[in-house]
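Okay, so here's the structure we're looking at.
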Amino acid sequence: MIRYDSTEQTPRPNFTLQHLLVMAGFYVFFAGAYTLTISLTWKFSWPLAYRTTIDYLLKGLYTLPVWYVVIYRMDKASIQAKVLAHIALCPVYIVAWFYSYYFVLDTLGLKGLSGSGRWWDVYIPLLVYTAQFALLHNYWYNQKLRFQREQTFDLKEMFLKSEVSALKAQINPHFLFNTLNSISASVPLELENTRNMVAKLADIFRYVLMASQKELVLLKEEVDFIKNYLDLEKERFGERLHTDYAIDEAALAVAIPPMLLQPLVENSVKHGISPSIEGGSISLEIEVVDASLQIRIIDDGVATPDSFPKNAFSQGIGLKNTALRLEKLYQTQLTVDFNSPQGLIVQFSIPLANPIAYETSNHY
């Protein structure tokens, strides 16, 4: 499976070196403060420095898996779930640190606390655990806020560019529609197929204009647009192109961003079917599964694991733009599987919690 991924475009911040440096800074500060406090109370000694270094290195080491699980992997979990995870992991953290710390001290011939003094080796790790994760959760939350602001800005910028592009394309569209209707009317009745092609072309231009003015359309409208688009492509390819549709009726009333499917369908026609001498077929499958809309575009074109370009998601406009829209709008990913014996299966899902669009008017 090929899954769209980018270090700059993900649904959440990445677990980066910067985060590790923040944690390292936390431990350097606490280790220094601990050493300074003991030195001022008693007297500085190198065994103390060695013990402190071993102590906080091990604390930092055991913090990493807890941080990764609770903060990063459980990023979308509820606060209650994270608290329960900390309650379960904190004793494990302390026990693991305690035994490994005294094992290292015994191995190096260093002395630690003894007797009732070892209770400090429970209290201090508990204090450090609580303080560090309070700070780390706060740091991660601020990182997410900054990341989401950047995502929102990128999304607004993308919409603005789309609107500008649409404005550039809207050179008297009514003149275009009226001209196409005039051409259709002038075609002799015996050339009914030509009349239908002109009518479908007018519908395509009309939908594209409408889509440039709306953020959501009904899936039914998008599917009708795709069918008109593929019908015109079938006129060009003849018997080399076959189409098939398996669409759940319940899905047709769901609202989706306009022009979401067309780049993917066009990609299948252009890069899958067109290069093949024998041609092939394209299937559009849409179904409602649980609380999501599952969409698959399947072709049996020329694509194989060896021939599929490695930079398809970074250079291919259709795949790249659709993947970015899905990530920014729904935090879901576009995936590409290889069909057997050849071809592609492009699929994604949309949560059904999005609002239902109203039926758009056919008057423009």
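FYI, nothing fancy with the structure tokens labels: chains A, B, ... in order, residues from 1 per chain, ligands from 1 as they appear.
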
Show me, as a tab-separated table (two decimals) with N, CA and C atoms, in the first residue's frame, the residues that have an atom within 12 Å of Tyr123 of chain A when counting only C-alpha atoms, minus same-chain residues fewer than 4 positions from it.
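Output (part.tsv):
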```tsv
chain	number	residue	atom	x	y	z
A	90	CYS	N	2.78	5.03	35.82
A	90	CYS	CA	3.67	5.66	36.81
A	90	CYS	C	4.33	4.63	37.73
A	91	PRO	N	3.60	3.68	38.31
A	91	PRO	CA	4.28	2.66	39.14
A	91	PRO	C	5.30	1.84	38.35
A	94	ILE	N	8.41	3.96	38.04
A	94	ILE	CA	9.20	4.06	39.27
A	94	ILE	C	9.93	2.75	39.57
A	95	VAL	N	9.23	1.62	39.42
A	95	VAL	CA	9.85	0.32	39.71
A	95	VAL	C	11.00	0.05	38.74
A	98	PHE	N	13.87	2.30	39.72
A	98	PHE	CA	14.45	1.94	41.01
A	98	PHE	C	15.43	0.78	40.87
A	116	SER	N	15.31	3.29	55.53
A	116	SER	CA	14.10	4.10	55.28
A	116	SER	C	14.37	5.25	54.32
A	117	GLY	N	15.63	5.56	54.11
A	117	GLY	CA	15.98	6.63	53.18
A	117	GLY	C	15.59	6.32	51.75
A	118	ARG	N	15.43	5.04	51.47
A	118	ARG	CA	15.07	4.67	50.10
A	118	ARG	C	13.65	5.08	49.72
A	119	TRP	N	12.86	5.48	50.73
A	119	TRP	CA	11.53	5.99	50.39
A	119	TRP	C	11.64	7.27	49.56
A	127	LEU	N	7.47	12.60	42.09
A	127	LEU	CA	7.41	14.05	41.91
A	127	LEU	C	7.90	14.45	40.52
A	128	VAL	N	9.02	13.86	40.10
A	128	VAL	CA	9.57	14.17	38.78
A	128	VAL	C	8.60	13.74	37.68
A	129	TYR	N	8.02	12.55	37.83
A	129	TYR	CA	7.07	12.03	36.83
A	129	TYR	C	5.90	13.00	36.67
A	130	THR	N	5.33	13.43	37.82
A	130	THR	CA	4.16	14.32	37.77
A	130	THR	C	4.52	15.67	37.17
```

Expected answer as a PyMOL selection string: alpha helix (DSSP H) residues in segment 35-245 of chain A: chain A and resi 35-41+46-66+79-108+120-169+173-186+192-211+219-237

Distance query segment 249-259 of chain A at most 10 Å, only C-alpha atoms, self and fewer than 5 positions along chain excluded, as JSON, numbers by chain: {"A": [207, 208, 210, 211, 212, 213, 214, 215, 216, 217, 218, 219, 220, 221, 222, 223, 225, 226, 264, 286, 287, 288, 289, 292, 293, 294, 322, 325, 326, 329, 350, 352, 353, 354, 355, 356, 357, 358, 359]}
